[in-house]
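Novice: Below: one structure in structure tokens.
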Amino acid sequence: MGHEEQNKINDTIMNLNSNGGFQNSSSSRKIFLGENFLLHTLTAQKLYHDFAKDMPIIDYHCHLPPEQIAGDINFENLTQAWLYGDHYKWRAMRTNGVDESYCTGNKPDVEKFQKWAETVPYTLRNPLYHWTHLELQRYFDVREILNGDSAENIYEQCSAKLQTSAYSVRNILRKMNVKVVCTTDDPTDTLEHHQKIKDDGFEIKILPAFRPDKAMNVDDANSFNAYLSKLESSTNASIASFQDYLDALKRTHDFFATMGCSVSDHGLEQMYAEDYTDAEIEATFDKIRSGKELRREETLKFKSAMLHLFAVWDHQKGWVQQYHLGALRNNNSRMTQQLGADTGWDSIGDFSQGRNLSKFLDRLDNNNQLAKTILYNLNPADNELMATMVGNYNDGSAPGKVQWGSGWWFLDQKDGMIKQINTLSNMGLLSRFVGMLTDSRSFLSFPRHEYFRRILCNLFGSEIESGELPNDIAWTGKIIQDICYHNAANYFRWAEVAKPSLTTSAI
Ligand SMILES: [Zn+2]
């Protein structure tokens with residue numbers, strides 16, 4: 001059967017099922033991505049449609065480029081909005097045998113899209129298959145299956161829409177009912193784009209998040225000193241000693257706070273929690289400042305000291321700190337050399353997490369310096385470890401003070417989300433969970449919140465129907481709304497800036 005013929009059948013099925021319900025009488029098979037996608041019981045459907053669906057979105061960690069929001073840009077075509085910077089798609093294309101020139105190379109956008117479209121039918125059961133079609137539906141009202149045959153038509157339809165003012169990036173955020181976005185920013189960032197967004201009076205809060213990974217990366221003396229030069233110029237200070245370094249960094253932390261930042265983020269293989277003395281750290285700084293490489297022990301102590309200091313500052317300001325743990329990055333040195341980091345050569349690492357995490361958090365808690373904290377693991381083998389670790393440091397100051405974050409990166413899919421939700425239910429309080437985030441570089445990723453909400457409602461719904469939970473729709477609905485929205489609004493103290501308005505602006 002050709003793709004065209006299959007499309008016709010798909011269209012027919014979709015027409016037959018315009019109400020999103022079950023298919024015709026000969027089968028109980030549901031329509032692909034229908035109204036009740038992932039919602040397998042009537043209770044799940046009620047919970048989703050009556051409680052979860054219209055809740056606004058707080059995206060408290062993502063990688064959207066603030067300059068695109070400041071400029072309120074339009075993408076010229078679907079390749080630019082969808083494929084530029086999306087290493088998930090590049091990995092799938094490479095796995096499907098597509099040449100790099102169509103992923104990150106110089107091929108024309110339309111040809112890149114064609115190669116992606118031809119890859120999509122081979123992504124069945126990969127989350128990309130769901131994301132792709134959900135995004136086509138929600139943003140563009142396109143219900144066709146994407147493949148090599150439908151590519152041209154879909155590309156033209158979506159690209160034409162993307163060029164209209166209704167699809168400027170700010171209007172996309174409005175359409176998706178987003179209330180708050182936290183970007184990811186280096187301490188040397190001058191945040192002029194955030195300032196512009198603020199000056200424009202944009203009603204959606206686009207807030208910076210402090211991500212000082214480079215400020216503690218002393219693995220290479222040249223790179224670290226280059227970073228120091230950058231920090232010297234962004235803070236207009238000269239950095240000769242460790243104290244100078246701390247002063248400059250602290251000024252950037254203070255500056256971020258004045259720009260509305262109340263969240264930090266760290267991407268680490270594992271926590272660093274060595275014992276150290278101030279004198280050791282000062283000497284280590286002098287050594288690397290003079291261009292000498294550090295010994296492994298010095299590196300670990302320096303990273304431990306910086307990580308602790310950042311956490312103390314976060315606590316002083318009442319920020320929320322996030323730790324993304326466990327990625328083994330840049331595994332393909334040839335391609336990393338060619339394309340740089342974050343281009344799709346990373347995998348799950350098998351780092352030991354428990355002991356250092358415990359020591360790091362305990363040191364802070366002991367001194368009453370532990371800020372609200374969210375931990376994310378990339379290795380699913382660490383799920384139970386994380387779910388139980390977060391229960392060690394609650395102190396009654398806030399519900400769910402230490403959180404285990406939602407399925408991240410390779411775990412950001414149906415199976416990963418279900419496992420995270422179930423493990424958190426078993427070992428903590430799912431009801432106090434701050435919920436989903438996109439962690440995305442794309443403005444077209446917001447249906448991931450919908451995807452998560454459907455899965456969440458389905459889990460509650462099926463257990464109500466099986467008698468494992470009471471048939472209390474009002475209470476369960478409240479818990480679901482908390483996880484979708486209110487918990488994050490309260491936890492991050494954005495209840496005021498992120499007031500829900502249940503009407504979304506329509507494109
Ligand atoms: Zn991230």
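For the structure tokens, the naming scheme is as follows: chains receive sequential letters (A, B, ...) according to their order of presentation, residues are indexed from 1 within each chain, and ligands are indexed from 1 in presentation order.
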List as a list in words the protein and nucleic acid residues near A:Val169, meaning an atom at most 10 Å away when only C-alpha atoms are counted, but skip any in the same chain fewer than 3 places from it.

Specialist: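 Selected residues are Gln68, Ile69, Ala70, Gly71, Asp72, Ile73, Asn74, Phe75, Ala81, Leu162, Ser165, Ala166, Ile172, Leu173, Arg174, Lys175, Phe443 and Leu444 of chain A.
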
Novice: Please write the residues from the selection above to a file, keeping C-alpha atoms, as a short mmCIF file (atom, residue, chain, number, x, y, z; two decimals), in the first residue's frame.

Specialist:
data_model
loop_
_atom_site.label_atom_id
_atom_site.label_comp_id
_atom_site.auth_asym_id
_atom_site.auth_seq_id
_atom_site.Cartn_x
_atom_site.Cartn_y
_atom_site.Cartn_z
CA GLN A 68 13.70 35.17 19.51
CA ILE A 69 11.06 36.21 22.05
CA ALA A 70 12.58 39.69 22.36
CA GLY A 71 12.36 40.08 18.59
CA ASP A 72 8.97 38.34 18.48
CA ILE A 73 10.22 36.62 15.37
CA ASN A 74 8.39 34.52 12.84
CA PHE A 75 9.95 31.35 11.49
CA ALA A 81 10.79 26.01 13.67
CA LEU A 162 4.28 30.34 10.40
CA SER A 165 1.58 37.37 12.69
CA ALA A 166 -0.64 34.86 14.49
CA ILE A 172 2.60 30.86 19.82
CA LEU A 173 3.24 31.14 23.57
CA ARG A 174 -0.16 32.81 24.00
CA LYS A 175 -1.87 30.14 21.94
CA PHE A 443 8.45 26.74 20.57
CA LEU A 444 6.55 23.77 19.18
#

Novice: Just list as a PyMOL selection string whatever in stretch 300-377 of chain A DSSP marks as helix (DSSP H, G or I).

Specialist: chain A and resi 300-317+333-339+354-366

Novice: If you run DSSP on this backbone, which residues of stretch 368-468 of chain A come out as strand (DSSP E or B), and could you give them as a PyMOL selection string?

Specialist: chain A and resi 372-377+402-404

Novice: Deliver the residues from the most recent selection as a file, using N, CA, C and O atoms, as a compact mmCIF listing (two decimals), in the first residue's frame.

Specialist:
# COMPACT_ATOMS: atom_id res chain seq x y z
N LYS A 372 14.95 25.37 48.28
CA LYS A 372 14.07 24.43 47.57
C LYS A 372 14.87 23.82 46.42
O LYS A 372 15.62 24.54 45.73
N THR A 373 14.72 22.52 46.23
CA THR A 373 15.61 21.79 45.32
C THR A 373 14.81 20.82 44.45
O THR A 373 13.91 20.14 44.95
N ILE A 374 15.14 20.77 43.17
CA ILE A 374 14.54 19.77 42.27
C ILE A 374 15.67 18.93 41.67
O ILE A 374 16.61 19.48 41.10
N LEU A 375 15.56 17.62 41.81
CA LEU A 375 16.58 16.70 41.27
C LEU A 375 16.02 15.95 40.07
O LEU A 375 14.91 15.44 40.12
N TYR A 376 16.81 15.88 39.02
CA TYR A 376 16.43 15.12 37.82
C TYR A 376 17.52 14.09 37.53
O TYR A 376 18.70 14.44 37.51
N ASN A 377 17.11 12.86 37.28
CA ASN A 377 18.10 11.84 36.90
C ASN A 377 17.88 11.43 35.45
O ASN A 377 16.75 11.35 34.98
N VAL A 402 11.88 19.42 48.69
CA VAL A 402 12.84 18.77 47.79
C VAL A 402 12.05 17.87 46.85
O VAL A 402 11.32 16.97 47.29
N GLN A 403 12.16 18.16 45.56
CA GLN A 403 11.33 17.52 44.54
C GLN A 403 12.15 16.59 43.68
O GLN A 403 13.33 16.85 43.40
N TRP A 404 11.51 15.55 43.20
CA TRP A 404 12.10 14.71 42.16
C TRP A 404 11.44 15.11 40.84
O TRP A 404 10.23 14.97 40.68

Novice: Given the choices A:Asn77, A:Ser101, A:Ser241, A:Thr258, which gets closest to A:Ile281 if the distance is worked out from only C-alpha atoms?

Specialist: A:Ser241

Novice: Restricting the calculation to only C-alpha atoms and all ligand atoms, which member of A:Ser406, A:Thr184, A:Ser431, A:Asn225 is positioned closest to ligand 1?

Specialist: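 Under the stated criterion, the closest residue is A:Thr184.
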
Novice: List all protein, DNA and RNA residues that have any atom at most 10 Å from ligand 1, counting only C-alpha atoms and all ligand atoms, and write the list as an MDAnalysis selection string.

Specialist: chainID A and resid 61:64 183:184 211 265:267 322:324 408:409 437:441

Novice: Can you pull out every residue within 12 Å of A:Tyr491, counting only C-alpha atoms, but drop anything in the same chain fewer than 3 positions away, and send it as a PDB file with C-alpha atoms, in the first residue's frame?

Specialist:
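Below you can see result02.pdb, which holds the result:
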ATOM      1  CA  ILE A  58       4.336  27.053  33.762  1.00  0.00           C
ATOM      2  CA  TYR A  60      10.016  26.329  34.708  1.00  0.00           C
ATOM      3  CA  SER A 262      14.505  32.974  41.095  1.00  0.00           C
ATOM      4  CA  VAL A 263      15.698  29.674  39.682  1.00  0.00           C
ATOM      5  CA  GLY A 318      14.919  32.073  48.365  1.00  0.00           C
ATOM      6  CA  TRP A 319      15.515  30.633  44.891  1.00  0.00           C
ATOM      7  CA  VAL A 320      14.726  27.148  43.648  1.00  0.00           C
ATOM      8  CA  GLN A 321      17.788  25.144  42.583  1.00  0.00           C
ATOM      9  CA  ALA A 371      17.076  26.023  49.227  1.00  0.00           C
ATOM     10  CA  LYS A 372      14.071  24.426  47.570  1.00  0.00           C
ATOM     11  CA  THR A 373      15.609  21.795  45.316  1.00  0.00           C
ATOM     12  CA  ILE A 374      14.541  19.771  42.275  1.00  0.00           C
ATOM     13  CA  SER A 397       8.911  24.969  55.392  1.00  0.00           C
ATOM     14  CA  ALA A 398       7.098  24.164  52.131  1.00  0.00           C
ATOM     15  CA  PRO A 399       5.143  21.218  50.738  1.00  0.00           C
ATOM     16  CA  GLY A 400       7.464  19.081  48.649  1.00  0.00           C
ATOM     17  CA  LYS A 401      10.489  21.262  49.426  1.00  0.00           C
ATOM     18  CA  VAL A 402      12.845  18.767  47.788  1.00  0.00           C
ATOM     19  CA  GLN A 403      11.330  17.522  44.543  1.00  0.00           C
ATOM     20  CA  ARG A 432       2.818  17.608  45.875  1.00  0.00           C
ATOM     21  CA  PHE A 433       4.705  17.181  42.599  1.00  0.00           C
ATOM     22  CA  VAL A 434       5.468  20.377  40.642  1.00  0.00           C
ATOM     23  CA  GLY A 435       4.830  18.546  37.394  1.00  0.00           C
ATOM     24  CA  ASP A 482      -2.343  21.030  41.479  1.00  0.00           C
ATOM     25  CA  ILE A 483       0.175  18.823  39.648  1.00  0.00           C
ATOM     26  CA  TYR A 485      -0.314  24.046  37.579  1.00  0.00           C
ATOM     27  CA  HIS A 486      -0.976  25.139  41.200  1.00  0.00           C
ATOM     28  CA  ASN A 487       1.912  23.247  42.816  1.00  0.00           C
ATOM     29  CA  ALA A 488       4.433  24.918  40.524  1.00  0.00           C
ATOM     30  CA  TRP A 494       4.468  32.707  40.808  1.00  0.00           C
ATOM     31  CA  ALA A 495       0.826  32.471  41.821  1.00  0.00           C
TER      32      ALA A 495
END

Novice: Take atom CA of A:Asn379 and atom CA of A:Tyr393 and report the distance between them in Å, one decimal.

Specialist: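 About the pair atom CA of A:Asn379 and atom CA of A:Tyr393: they are 22.0 Å apart.
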
Novice: For A:Lys478, which residue among A:Asp186, A:Gly201, A:Cys457, A:Glu450 is the nearest when counting only C-alpha atoms?

Specialist: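 Using only C-alpha atoms, A:Lys478 sits closest to A:Cys457.
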